[in-house]
file coords.csv (CSV, C-alpha atoms)
chain,number,residue,atom,x,y,z
A,1,MET,CA,0.0,0.0,0.0
A,2,ALA,CA,1.4,3.4,-0.9
A,3,ILE,CA,1.3,6.4,1.4
A,4,GLN,CA,-1.7,8.5,0.4
A,5,ALA,CA,-0.7,11.7,-1.5
A,6,ASN,CA,-2.1,13.7,-4.3
A,7,GLY,CA,-1.7,11.8,-7.5
A,8,ASN,CA,0.7,14.3,-8.9
A,9,GLU,CA,3.1,14.2,-5.9
A,10,ILE,CA,6.2,12.4,-4.9
A,11,LEU,CA,6.9,12.1,-1.2
A,12,LEU,CA,10.3,12.7,0.4
A,13,TYR,CA,11.6,12.5,4.0
A,14,VAL,CA,14.1,15.2,5.0
A,15,GLY,CA,16.6,14.9,7.9
A,16,SER,CA,18.0,18.0,9.6
A,17,TYR,CA,20.0,19.4,12.5
A,18,SER,CA,17.5,20.0,15.2
A,19,SER,CA,16.8,19.6,18.9
A,20,ALA,CA,14.8,16.6,20.1
A,21,GLU,CA,11.9,18.9,20.9
A,22,ASP,CA,11.7,20.3,17.4
A,23,GLY,CA,10.4,18.4,14.4
A,24,GLY,CA,13.6,17.2,12.8
A,25,ILE,CA,12.4,14.6,10.3
A,26,HIS,CA,10.0,16.2,7.7
A,27,LEU,CA,7.7,14.6,5.2
A,28,VAL,CA,7.7,16.8,2.1
A,29,ALA,CA,5.6,16.5,-1.1
A,30,LEU,CA,7.0,17.3,-4.5
A,31,ASP,CA,4.7,18.2,-7.3
A,32,LYS,CA,5.9,16.2,-10.3
A,33,GLU,CA,4.7,18.7,-12.9
A,34,SER,CA,5.6,22.1,-11.4
A,35,GLY,CA,8.3,21.2,-8.9
A,36,GLU,CA,6.5,22.9,-6.0
A,37,LEU,CA,7.4,21.6,-2.5
A,38,ARG,CA,5.1,21.5,0.5
A,39,LEU,CA,5.6,20.4,4.1
A,40,VAL,CA,3.2,17.6,5.0
A,41,HIS,CA,4.2,17.1,8.7
A,42,SER,CA,7.3,16.7,11.0
A,43,THR,CA,8.4,14.2,13.6
A,44,ASP,CA,10.2,15.2,16.8
A,45,GLY,CA,11.9,13.1,19.5
A,46,ILE,CA,15.4,12.7,18.2
A,47,GLU,CA,18.3,15.1,18.2
A,48,ASN,CA,20.1,15.9,14.9
A,49,PRO,CA,18.5,13.3,12.6
A,50,SER,CA,21.1,14.3,10.0
A,51,PHE,CA,20.9,11.2,7.8
A,52,VAL,CA,17.7,9.1,7.1
A,53,VAL,CA,17.1,6.1,4.9
A,54,VAL,CA,13.9,4.3,3.9
A,55,ASN,CA,13.7,0.6,3.2
A,56,GLU,CA,12.7,-0.7,-0.3
A,57,GLU,CA,9.1,-1.4,0.7
A,58,GLY,CA,8.7,2.1,2.1
A,59,THR,CA,7.5,0.8,5.4
A,60,ARG,CA,10.4,1.6,7.7
A,61,LEU,CA,12.6,4.6,8.2
A,62,TYR,CA,16.0,4.7,10.0
A,63,ALA,CA,17.6,7.8,11.3
A,64,VAL,CA,20.9,8.7,13.0
A,65,GLY,CA,21.0,11.0,16.0
A,66,GLU,CA,24.2,12.8,15.3
A,67,MET,CA,25.5,13.6,18.8
A,68,GLU,CA,28.5,13.0,21.1
A,69,GLU,CA,26.8,9.8,22.2
A,70,GLY,CA,25.4,8.7,18.8
A,71,GLN,CA,22.0,7.1,18.3
A,72,ILE,CA,20.2,5.1,15.6
A,73,ALA,CA,16.4,4.9,15.6
A,74,ALA,CA,13.9,2.7,13.7
A,75,TYR,CA,10.5,3.9,12.7
A,76,GLU,CA,7.4,2.4,11.3
A,77,ILE,CA,5.9,4.5,8.5
A,78,ASP,CA,2.1,4.8,8.6
A,79,GLN,CA,0.9,3.9,5.1
A,80,GLN,CA,-2.0,6.2,5.3
A,81,ASP,CA,-0.4,9.5,6.2
A,82,GLY,CA,3.4,8.9,6.3
A,83,ARG,CA,3.6,9.6,10.0
A,84,LEU,CA,6.4,7.9,11.9
A,85,ARG,CA,6.0,5.7,15.0
A,86,GLU,CA,9.3,4.8,16.7
A,87,LEU,CA,10.0,1.1,17.1
A,88,ASN,CA,13.2,1.4,19.1
A,89,ARG,CA,16.6,3.0,19.2
A,90,GLU,CA,20.1,2.0,20.1
A,91,THR,CA,23.4,3.8,20.9
A,92,THR,CA,25.9,3.6,18.1
A,93,GLY,CA,29.0,2.9,20.3
A,94,GLY,CA,30.7,6.2,19.2
A,95,HIS,CA,30.1,9.8,18.4
A,96,SER,CA,28.7,11.7,15.4
A,97,PRO,CA,27.0,9.0,13.3
A,98,CYS,CA,26.5,10.4,9.9
A,99,TYR,CA,25.5,7.7,7.4
A,100,ILE,CA,23.3,4.6,7.2
A,101,CYS,CA,22.9,1.9,4.6
A,102,HIS,CA,19.9,-0.5,4.7
A,103,VAL,CA,20.3,-4.0,3.1
A,104,PRO,CA,17.1,-5.9,2.4
A,105,GLY,CA,16.7,-9.6,2.5
A,106,GLU,CA,15.3,-12.4,4.6
A,107,GLU,CA,17.4,-11.1,7.5
A,108,SER,CA,17.7,-7.4,6.7
A,109,GLN,CA,20.5,-5.4,8.1
A,110,LEU,CA,21.7,-1.8,8.8
A,111,TYR,CA,25.2,-0.5,8.3
A,112,LEU,CA,26.3,2.7,10.1
A,113,VAL,CA,29.4,4.8,10.4
A,114,ASN,CA,30.4,7.1,13.3
A,115,TYR,CA,32.3,10.0,11.8
A,116,GLY,CA,33.8,11.3,15.0
A,117,SER,CA,35.1,8.0,16.4
A,118,ALA,CA,35.5,6.1,13.1
A,119,GLU,CA,33.5,3.0,13.9
A,120,ILE,CA,31.6,1.0,11.3
A,121,SER,CA,28.8,-1.1,12.7
A,122,SER,CA,26.3,-3.7,11.3
A,123,TYR,CA,23.0,-4.5,13.0
A,124,HIS,CA,20.5,-7.3,12.5
A,125,LEU,CA,16.9,-6.2,12.2
A,126,ASP,CA,13.9,-8.3,13.4
A,127,ARG,CA,10.9,-9.2,11.3
A,128,ASN,CA,9.2,-6.0,12.3
A,129,GLY,CA,12.1,-3.9,11.1
A,130,ALA,CA,13.3,-2.9,14.6
A,131,ILE,CA,17.0,-2.9,15.5
A,132,LYS,CA,17.5,-6.4,16.9
A,133,GLU,CA,21.2,-6.7,17.8
A,134,LEU,CA,24.7,-5.5,17.0
A,135,ALA,CA,26.3,-8.0,14.5
A,136,SER,CA,29.8,-6.5,14.3
A,137,ARG,CA,31.8,-3.3,14.9
A,138,VAL,CA,35.2,-2.3,13.5
A,139,LYS,CA,37.2,0.8,14.2
A,140,HIS,CA,39.5,2.7,11.9
A,141,VAL,CA,42.7,4.1,13.3
A,142,GLY,CA,45.4,6.4,11.8
A,143,SER,CA,45.7,9.8,10.3
A,144,GLY,CA,46.1,11.6,7.0
A,145,HIS,CA,47.8,14.4,5.2
A,146,ARG,CA,46.0,17.4,6.7
A,147,GLU,CA,46.5,18.1,10.4
A,148,ASP,CA,43.3,20.2,10.6
A,149,ARG,CA,40.9,17.7,9.1
A,150,GLN,CA,42.8,14.4,9.0
A,151,GLU,CA,44.2,14.3,12.5
A,152,ALA,CA,42.5,10.9,12.9
A,153,ALA,CA,40.4,8.4,11.0
A,154,HIS,CA,36.9,9.7,10.0
A,155,ALA,CA,34.6,7.1,8.4
A,156,HIS,CA,32.1,9.1,6.4
A,157,SER,CA,29.9,6.7,4.5
A,158,VAL,CA,29.2,3.0,4.0
A,159,VAL,CA,27.7,1.5,0.8
A,160,VAL,CA,26.9,-2.2,0.4
A,161,ASP,CA,27.0,-3.5,-3.1
A,162,PRO,CA,23.8,-5.0,-4.7
A,163,SER,CA,25.0,-8.5,-4.1
A,164,GLY,CA,25.2,-7.8,-0.3
A,165,ARG,CA,28.7,-9.3,-0.3
A,166,PHE,CA,30.9,-6.3,0.1
A,167,ALA,CA,30.7,-2.9,1.9
A,168,TYR,CA,32.7,0.1,0.7
A,169,VAL,CA,33.6,2.6,3.5
A,170,SER,CA,34.9,6.1,2.6
A,171,ASP,CA,37.3,7.3,5.3
A,172,LEU,CA,38.0,11.0,5.0
A,173,GLY,CA,40.7,10.9,7.6
A,174,LEU,CA,42.7,8.1,6.1
A,175,ASP,CA,42.3,8.9,2.4
A,176,GLN,CA,41.1,5.4,1.8
A,177,ILE,CA,38.1,3.4,0.5
A,178,VAL,CA,38.2,0.4,2.9
A,179,ILE,CA,36.4,-2.6,1.4
A,180,TYR,CA,34.9,-5.2,3.8
A,181,ARG,CA,33.6,-8.7,3.0
A,182,ILE,CA,30.2,-9.4,4.7
A,183,GLU,CA,30.2,-12.8,6.3
A,184,ASP,CA,27.0,-13.7,8.2
A,185,GLY,CA,26.4,-10.0,8.7
A,186,LYS,CA,29.9,-9.4,10.1
A,187,LEU,CA,32.4,-7.0,8.6
A,188,VAL,CA,35.7,-8.6,7.6
A,189,THR,CA,38.5,-6.4,6.1
A,190,HIS,CA,39.0,-7.3,2.5
A,191,LYS,CA,41.1,-4.5,0.8
A,192,GLU,CA,42.1,-0.8,1.1
A,193,ILE,CA,42.2,1.6,-1.9
A,194,LYS,CA,44.5,4.5,-1.4
A,195,LEU,CA,43.6,8.0,-2.7
A,196,PRO,CA,45.9,11.0,-3.2
A,197,PRO,CA,47.0,12.6,0.1
A,198,GLY,CA,44.5,15.2,1.3
A,199,ALA,CA,41.7,13.9,-0.9
A,200,GLY,CA,39.2,13.2,2.0
A,201,PRO,CA,36.8,10.7,0.5
A,202,ARG,CA,33.2,11.4,1.7
A,203,HIS,CA,30.4,9.7,-0.3
A,204,PHE,CA,30.3,6.8,-2.8
A,205,LYS,CA,27.8,5.5,-5.4
A,206,ILE,CA,27.7,2.4,-7.5
A,207,HIS,CA,26.6,2.8,-11.1
A,208,GLN,CA,23.4,0.9,-12.2
A,209,THR,CA,25.4,-1.3,-14.6
A,210,GLY,CA,27.7,-2.5,-11.7
A,211,LYS,CA,30.7,-1.7,-13.9
A,212,TRP,CA,31.8,1.5,-12.2
A,213,ALA,CA,31.7,3.4,-8.9
A,214,TYR,CA,32.1,7.1,-8.1
A,215,GLY,CA,33.5,8.7,-5.0
A,216,ILE,CA,33.3,12.4,-4.1
A,217,ASN,CA,36.3,13.7,-2.2
A,218,GLU,CA,35.5,16.5,0.3
A,219,LEU,CA,38.9,18.1,0.9
A,220,ASN,CA,40.5,18.4,-2.5
A,221,ASN,CA,37.2,18.9,-4.3
A,222,THR,CA,37.4,16.1,-6.8
A,223,VAL,CA,35.4,13.1,-8.0
A,224,THR,CA,37.1,9.8,-8.5
A,225,VAL,CA,36.0,7.2,-11.0
A,226,TYR,CA,36.6,3.6,-10.2
A,227,SER,CA,36.3,0.4,-12.2
A,228,LEU,CA,34.3,-2.0,-10.1
A,229,ASN,CA,34.8,-5.7,-9.9
A,230,GLU,CA,31.6,-6.9,-8.3
A,231,ALA,CA,32.6,-10.5,-8.1
A,232,GLY,CA,35.9,-9.9,-6.4
A,233,GLY,CA,35.0,-6.8,-4.4
A,234,ASP,CA,37.7,-4.7,-5.9
A,235,LEU,CA,38.1,-1.1,-7.2
A,236,GLU,CA,40.6,0.3,-9.7
A,237,ILE,CA,41.0,4.1,-10.0
A,238,LEU,CA,40.3,5.3,-13.5
A,239,GLN,CA,40.1,9.1,-13.2
A,240,HIS,CA,40.2,12.1,-10.9
A,241,ILE,CA,38.2,15.1,-12.1
A,242,SER,CA,37.7,18.5,-10.4
A,243,ALA,CA,34.3,19.2,-8.8
A,244,VAL,CA,34.8,23.0,-9.0
A,245,PRO,CA,35.7,25.2,-11.9
A,246,GLU,CA,39.4,25.7,-12.6
A,247,ASP,CA,39.3,29.4,-12.1
A,248,PHE,CA,37.5,29.1,-8.7
A,249,SER,CA,39.8,30.3,-5.9
A,250,GLY,CA,37.5,30.5,-2.9
A,251,GLU,CA,36.9,28.0,0.0
A,252,SER,CA,34.8,25.1,-0.8
A,253,THR,CA,34.2,21.4,0.1
A,254,THR,CA,32.2,18.8,-1.7
A,255,ALA,CA,29.3,16.9,-0.1
A,256,GLU,CA,27.0,14.5,-2.0
A,257,VAL,CA,27.3,12.5,-5.2
A,258,GLY,CA,24.4,11.1,-7.2
A,259,ILE,CA,23.7,9.3,-10.5
A,260,SER,CA,20.7,10.0,-12.8
A,261,PRO,CA,18.2,7.1,-13.1
A,262,CYS,CA,19.2,6.8,-16.8
A,263,GLY,CA,22.8,6.3,-15.9
A,264,LYS,CA,24.1,8.9,-18.3
A,265,TYR,CA,24.9,11.8,-15.8
A,266,LEU,CA,26.6,12.2,-12.5
A,267,TYR,CA,26.0,15.1,-10.1
A,268,GLY,CA,28.0,16.5,-7.1
A,269,SER,CA,27.4,19.3,-4.6
A,270,ASN,CA,29.9,22.0,-3.6
A,271,ARG,CA,29.6,23.8,-0.3
A,272,GLY,CA,31.2,27.2,-0.6
A,273,HIS,CA,31.0,27.4,-4.3
A,274,ASP,CA,27.3,26.6,-3.6
A,275,SER,CA,26.7,24.7,-6.8
A,276,ILE,CA,25.6,21.5,-8.3
A,277,VAL,CA,28.0,20.1,-10.9
A,278,ARG,CA,26.8,17.8,-13.7
A,279,TYR,CA,29.1,15.4,-15.7
A,280,ARG,CA,28.4,13.2,-18.7
A,281,ILE,CA,29.2,9.5,-18.0
A,282,ASP,CA,30.9,7.8,-20.9
A,283,GLN,CA,28.8,4.6,-21.4
A,284,GLU,CA,31.8,2.6,-22.6
A,285,THR,CA,34.4,3.6,-20.1
A,286,GLY,CA,32.5,5.1,-17.2
A,287,GLN,CA,34.7,8.2,-17.2
A,288,LEU,CA,33.4,11.7,-16.7
A,289,SER,CA,33.5,14.7,-19.0
A,290,ASP,CA,31.8,18.1,-19.8
A,291,PRO,CA,31.3,19.4,-16.3
A,292,GLN,CA,28.6,22.1,-16.1
A,293,TRP,CA,27.8,24.1,-12.9
A,294,VAL,CA,24.6,25.6,-11.7
A,295,SER,CA,23.8,27.6,-8.6
A,296,SER,CA,22.3,25.3,-5.9
A,297,GLY,CA,20.0,28.0,-4.8
A,298,GLY,CA,21.2,28.3,-1.3
A,299,GLU,CA,24.2,28.2,1.1
A,300,ILE,CA,26.0,24.9,1.8
A,301,PRO,CA,24.2,22.2,-0.2
A,302,ARG,CA,25.1,19.3,2.1
A,303,HIS,CA,22.9,16.8,0.3
A,304,PHE,CA,20.6,16.3,-2.7
A,305,LEU,CA,18.4,13.6,-4.2
A,306,VAL,CA,18.0,12.8,-7.9
A,307,VAL,CA,14.4,11.7,-8.4
A,308,LYS,CA,13.2,9.4,-11.1
A,309,GLY,CA,11.1,11.4,-13.5
A,310,GLY,CA,13.6,14.2,-13.8
A,311,HIS,CA,13.9,16.2,-10.6
A,312,LEU,CA,16.8,17.0,-8.2
A,313,ILE,CA,16.1,18.3,-4.7
A,314,ALA,CA,19.0,20.2,-2.9
A,315,ALA,CA,19.1,20.6,0.9
A,316,HIS,CA,20.9,23.7,2.2
A,317,GLN,CA,22.2,23.6,5.7
A,318,ASN,CA,23.0,27.3,6.2
A,319,SER,CA,20.3,29.0,4.2
A,320,ASN,CA,17.5,26.7,5.6
A,321,ASN,CA,15.9,25.8,2.3
A,322,LEU,CA,15.1,22.9,-0.1
A,323,VAL,CA,15.3,23.9,-3.7
A,324,SER,CA,13.7,21.9,-6.6
A,325,PHE,CA,15.2,21.5,-10.0
A,326,ARG,CA,14.0,19.9,-13.2
A,327,LEU,CA,16.7,17.9,-15.1
A,328,ASP,CA,16.9,18.8,-18.8
A,329,SER,CA,16.0,15.7,-20.8
A,330,GLU,CA,18.6,16.5,-23.5
A,331,THR,CA,21.6,17.5,-21.4
A,332,GLY,CA,20.9,16.4,-17.8
A,333,ILE,CA,21.6,19.9,-16.6
A,334,PRO,CA,19.5,21.0,-13.5
A,335,LYS,CA,17.2,24.0,-14.1
A,336,LYS,CA,15.4,25.7,-11.2
A,337,THR,CA,11.7,25.3,-11.1
A,338,GLY,CA,11.3,28.5,-9.1
A,339,TYR,CA,10.1,26.6,-6.0
A,340,GLU,CA,11.7,26.2,-2.7
A,341,LEU,CA,10.7,25.2,0.8
A,342,ARG,CA,11.9,26.8,4.0
A,343,LEU,CA,13.1,24.3,6.6
A,344,SER,CA,15.5,24.6,9.5
A,345,LYS,CA,19.0,23.1,8.6
A,346,PRO,CA,17.9,20.4,6.1
A,347,VAL,CA,20.8,18.1,5.4
A,348,CYS,CA,19.4,14.8,3.9
A,349,VAL,CA,16.7,13.9,1.4
A,350,ALA,CA,15.3,10.4,1.0
A,351,LEU,CA,12.6,9.0,-1.2
A,352,ALA,CA,9.5,7.8,0.6
A,353,ASN,CA,7.2,5.0,-0.6
A,354,ASN,CA,6.4,5.9,-4.2
A,355,PRO,CA,5.7,2.8,-6.2
A,356,GLN,CA,4.4,5.0,-9.0
A,357,VAL,CA,7.7,6.8,-9.5

call {"tool": "encode", "arguments": {"input": "coords.csv", "output": "structure tokens"}}
result
Amino acid sequence: MAIQANGNEILLYVGSYSSAEDGGIHLVALDKESGELRLVHSTDGIENPSFVVVNEEGTRLYAVGEMEEGQIAAYEIDQQDGRLRELNRETTGGHSPCYICHVPGEESQLYLVNYGSAEISSYHLDRNGAIKELASRVKHVGSGHREDRQEAAHAHSVVVDPSGRFAYVSDLGLDQIVIYRIEDGKLVTHKEIKLPPGAGPRHFKIHQTGKWAYGINELNNTVTVYSLNEAGGDLEILQHISAVPEDFSGESTTAEVGISPCGKYLYGSNRGHDSIVRYRIDQETGQLSDPQWVSSGGEIPRHFLVVKGGHLIAAHQNSNNLVSFRLDSETGIPKKTGYELRLSKPVCVALANNPQV
């Protein structure tokens, strides 16, 4: 059953930085024709739900509580109105959790990283979707090239491949993609891919074909293209390309990376330059070309979501707004719809249950 919405709307959940008393997880409706955004309702009770993820069925939502003593919370999604009912929550065993990956299956799991203390954890879920138990936890140690940002390991994201056999962890502090084998839900170190000193890998996406992967590097403002060996759980670096224009000399850091549903375009967000960059993906090699930049429509675009049907929604931490774009069908370049929605410190956008999308 789909959450009830107007027939012309797509539903999104938005995470933010907020106190537990304020509504920090928002349900937002996007009009598929105009790009207009409207707030449906908000959920309180958790501090700084800065990253949220929805399961494939659209029946459960999971959110981090990005605090000194990190939390992870599981919610049931009401299929009539999209409201959230908390199932349970657990501490994350470290501080500043910042990313979650949900893996479906007979025994579904969650994977989570603590940025501040560099732990990666896997959790078993029960049949109801609640957090059942900790399956494994590993900790990264070490430091990187930059004393100001890489004084220690800082795991920033975890992505499990479609087969469910390998997890790819971007560690900003170590300048590494650390690959783990998943054995009975446990994380076993498999391989480490080294990036240029001071790169600061942040987020990572696997292309729909399974041939390539793309990592965005926060500190040196680049995107790295990888050849992906799904069977062996391996990456080979193919290309580094700038995420900001060559003539840009200001302060900026990258944030999110995303791929168009058609697989032809890759997008990245720049905080400081305050832009969305679009690249063409070569369908033979996976490499990137023809970067084009557009204003993101706000300050510090920490996250965005590419929506099937031709939209991109950018969340701005500092200017407190969501901005909607329509993606040009010929070029993939985002074009502002003219609509935005005011929200306090939005920093994550996730697709809700929309089987019609």

call {"tool": "residues_around", "arguments": {"input": "coords.csv", "residues": "range 130-137 of chain A", "least_positions_apart": "5", "cutoff": "10 Å", "atoms": "all atoms listed in the file", "output": "PDB file with C-alpha atoms, keeping the file's coordinate frame"}}
result
ATOM      1  CA  ARG A  60      10.400   1.600   7.700  1.00  0.00           C
ATOM      2  CA  LEU A  61      12.600   4.600   8.200  1.00  0.00           C
ATOM      3  CA  TYR A  62      16.000   4.700  10.000  1.00  0.00           C
ATOM      4  CA  ILE A  72      20.200   5.100  15.600  1.00  0.00           C
ATOM      5  CA  ALA A  73      16.400   4.900  15.600  1.00  0.00           C
ATOM      6  CA  ALA A  74      13.900   2.700  13.700  1.00  0.00           C
ATOM      7  CA  TYR A  75      10.500   3.900  12.700  1.00  0.00           C
ATOM      8  CA  GLU A  76       7.400   2.400  11.300  1.00  0.00           C
ATOM      9  CA  GLU A  86       9.300   4.800  16.700  1.00  0.00           C
ATOM     10  CA  LEU A  87      10.000   1.100  17.100  1.00  0.00           C
ATOM     11  CA  ASN A  88      13.200   1.400  19.100  1.00  0.00           C
ATOM     12  CA  ARG A  89      16.600   3.000  19.200  1.00  0.00           C
ATOM     13  CA  GLU A  90      20.100   2.000  20.100  1.00  0.00           C
ATOM     14  CA  THR A  92      25.900   3.600  18.100  1.00  0.00           C
ATOM     15  CA  GLY A  93      29.000   2.900  20.300  1.00  0.00           C
ATOM     16  CA  SER A 108      17.700  -7.400   6.700  1.00  0.00           C
ATOM     17  CA  GLN A 109      20.500  -5.400   8.100  1.00  0.00           C
ATOM     18  CA  LEU A 110      21.700  -1.800   8.800  1.00  0.00           C
ATOM     19  CA  TYR A 111      25.200  -0.500   8.300  1.00  0.00           C
ATOM     20  CA  LEU A 112      26.300   2.700  10.100  1.00  0.00           C
ATOM     21  CA  VAL A 113      29.400   4.800  10.400  1.00  0.00           C
ATOM     22  CA  GLU A 119      33.500   3.000  13.900  1.00  0.00           C
ATOM     23  CA  ILE A 120      31.600   1.000  11.300  1.00  0.00           C
ATOM     24  CA  SER A 121      28.800  -1.100  12.700  1.00  0.00           C
ATOM     25  CA  SER A 122      26.300  -3.700  11.300  1.00  0.00           C
ATOM     26  CA  TYR A 123      23.000  -4.500  13.000  1.00  0.00           C
ATOM     27  CA  HIS A 124      20.500  -7.300  12.500  1.00  0.00           C
ATOM     28  CA  LEU A 125      16.900  -6.200  12.200  1.00  0.00           C
ATOM     29  CA  ASP A 184      27.000 -13.700   8.200  1.00  0.00           C
ATOM     30  CA  GLY A 185      26.400 -10.000   8.700  1.00  0.00           C
ATOM     31  CA  LYS A 186      29.900  -9.400  10.100  1.00  0.00           C
ATOM     32  CA  LEU A 187      32.400  -7.000   8.600  1.00  0.00           C
ATOM     33  CA  VAL A 188      35.700  -8.600   7.600  1.00  0.00           C
TER      34      VAL A 188
END

call {"tool": "closest_residue", "arguments": {"input": "coords.csv", "among": "A:His316, A:Arg302, A:Lys139, A:His102", "to": "Val159 in chain A", "atoms": "only C-alpha atoms"}}
result
A:His102

call {"tool": "closest_atom_pairs", "arguments": {"input": "coords.csv", "of": "range 144-202 of chain A", "to": "range 234-258 of chain A", "cutoff": "12 Å", "atoms": "all atoms listed in the file", "output": "Markdown table"}}
result
| residue | atom | partner | partner_atom | distance |
| --- | --- | --- | --- | --- |
| A:Arg149 | CA | A:Thr253 | CA | 11.8 |
| A:His156 | CA | A:Ala255 | CA | 10.5 |
| A:Ser157 | CA | A:Glu256 | CA | 10.6 |
| A:Asp161 | CA | A:Asp234 | CA | 11.1 |
| A:Arg165 | CA | A:Asp234 | CA | 11.6 |
| A:Phe166 | CA | A:Asp234 | CA | 9.2 |
| A:Ala167 | CA | A:Asp234 | CA | 10.6 |
| A:Tyr168 | CA | A:Asp234 | CA | 9.6 |
| A:Leu172 | CA | A:Ala255 | CA | 11.7 |
| A:Gln176 | CA | A:Leu235 | CA | 11.5 |
| A:Ile177 | CA | A:Leu235 | CA | 8.9 |
| A:Val178 | CA | A:Asp234 | CA | 10.2 |
| A:Ile179 | CA | A:Asp234 | CA | 7.7 |
| A:Tyr180 | CA | A:Asp234 | CA | 10.1 |
| A:Arg181 | CA | A:Asp234 | CA | 10.6 |
| A:His190 | CA | A:Asp234 | CA | 8.9 |
| A:Lys191 | CA | A:Asp234 | CA | 7.5 |
| A:Glu192 | CA | A:Asp234 | CA | 9.1 |
| A:Ile193 | CA | A:Leu235 | CA | 7.2 |
| A:Lys194 | CA | A:Ile237 | CA | 9.3 |
| A:Leu195 | CA | A:Ile237 | CA | 8.7 |
| A:Pro196 | CA | A:His240 | CA | 9.6 |
| A:Ala199 | CA | A:His240 | CA | 10.3 |
| A:Gly200 | CA | A:Thr254 | CA | 9.7 |
| A:Pro201 | CA | A:Thr254 | CA | 9.6 |
| A:Arg202 | CA | A:Ala255 | CA | 7.0 |

call {"tool": "atom_distance", "arguments": {"input": "coords.csv", "atom1": "CA of Cys98 in chain A", "atom2": "CA of Val158 in chain A"}}
result
9.8 Å

call {"tool": "residues_around", "arguments": {"input": "coords.csv", "residues": "Lys336 in chain A", "least_positions_apart": "2", "cutoff": "10 Å", "atoms": "all atoms listed in the file", "output": "PyMOL selection string"}}
result
chain A and resi 35+294-297+311-313+323-327+334+338-340

call {"tool": "atom_distance", "arguments": {"input": "coords.csv", "atom1": "CA of Ile216 in chain A", "atom2": "CA of Gly268 in chain A"}}
result
7.3 Å

call {"tool": "atom_distance", "arguments": {"input": "coords.csv", "atom1": "CA of Glu107 in chain A", "atom2": "CA of Val64 in chain A"}}
result
20.8 Å

call {"tool": "residues_around", "arguments": {"input": "coords.csv", "residues": "Thr331 in chain A", "least_positions_apart": "6", "cutoff": "12 Å", "atoms": "only C-alpha atoms", "output": "MDAnalysis selection string"}}
result
chainID A and resid 260 262 264:266 278:281 290:292 310

call {"tool": "closest_residue", "arguments": {"input": "coords.csv", "among": "A:His26, A:Ser275, A:Asn48, A:Glu33", "to": "Glu69 in chain A", "atoms": "all atoms listed in the file"}}
result
A:Asn48

call {"tool": "closest_residue", "arguments": {"input": "coords.csv", "among": "A:Val225, A:Trp212, A:Ala118, A:Ala29", "to": "Leu174 in chain A", "atoms": "all atoms listed in the file"}}
result
A:Ala118

call {"tool": "closest_residue", "arguments": {"input": "coords.csv", "among": "A:Ile206, A:Leu341, A:Val14, A:Gln71", "to": "Leu37 in chain A", "atoms": "all atoms listed in the file"}}
result
A:Leu341

call {"tool": "closest_residue", "arguments": {"input": "coords.csv", "among": "A:Val54, A:Ala152, A:Val138, A:Ile77", "to": "Pro104 in chain A", "atoms": "all atoms listed in the file"}}
result
A:Val54

call {"tool": "closest_residue", "arguments": {"input": "coords.csv", "among": "A:Leu219, A:Gly129, A:Tyr13, A:Leu228", "to": "Arg38 in chain A", "atoms": "all atoms listed in the file"}}
result
A:Tyr13

call {"tool": "residues_around", "arguments": {"input": "coords.csv", "residues": "His303 in chain A", "least_positions_apart": "3", "cutoff": "6 Å", "atoms": "only C-alpha atoms", "output": "list in words"}}
result
Glu256, Ala315, Val347 and Cys348 of chain A

call {"tool": "residues_around", "arguments": {"input": "coords.csv", "residues": "Ser50 in chain A", "least_positions_apart": "2", "cutoff": "10 Å", "atoms": "all atoms listed in the file", "output": "list in words"}}
result
Val14, Gly15, Ser16, Tyr17, Ser18, Gly24, Ile25, Glu47, Asn48, Val52, Ala63, Val64, Gly65, Glu66, Met67, Ser96, Pro97, Cys98, Tyr99, Lys345, Pro346, Val347, Cys348 and Val349 of chain A
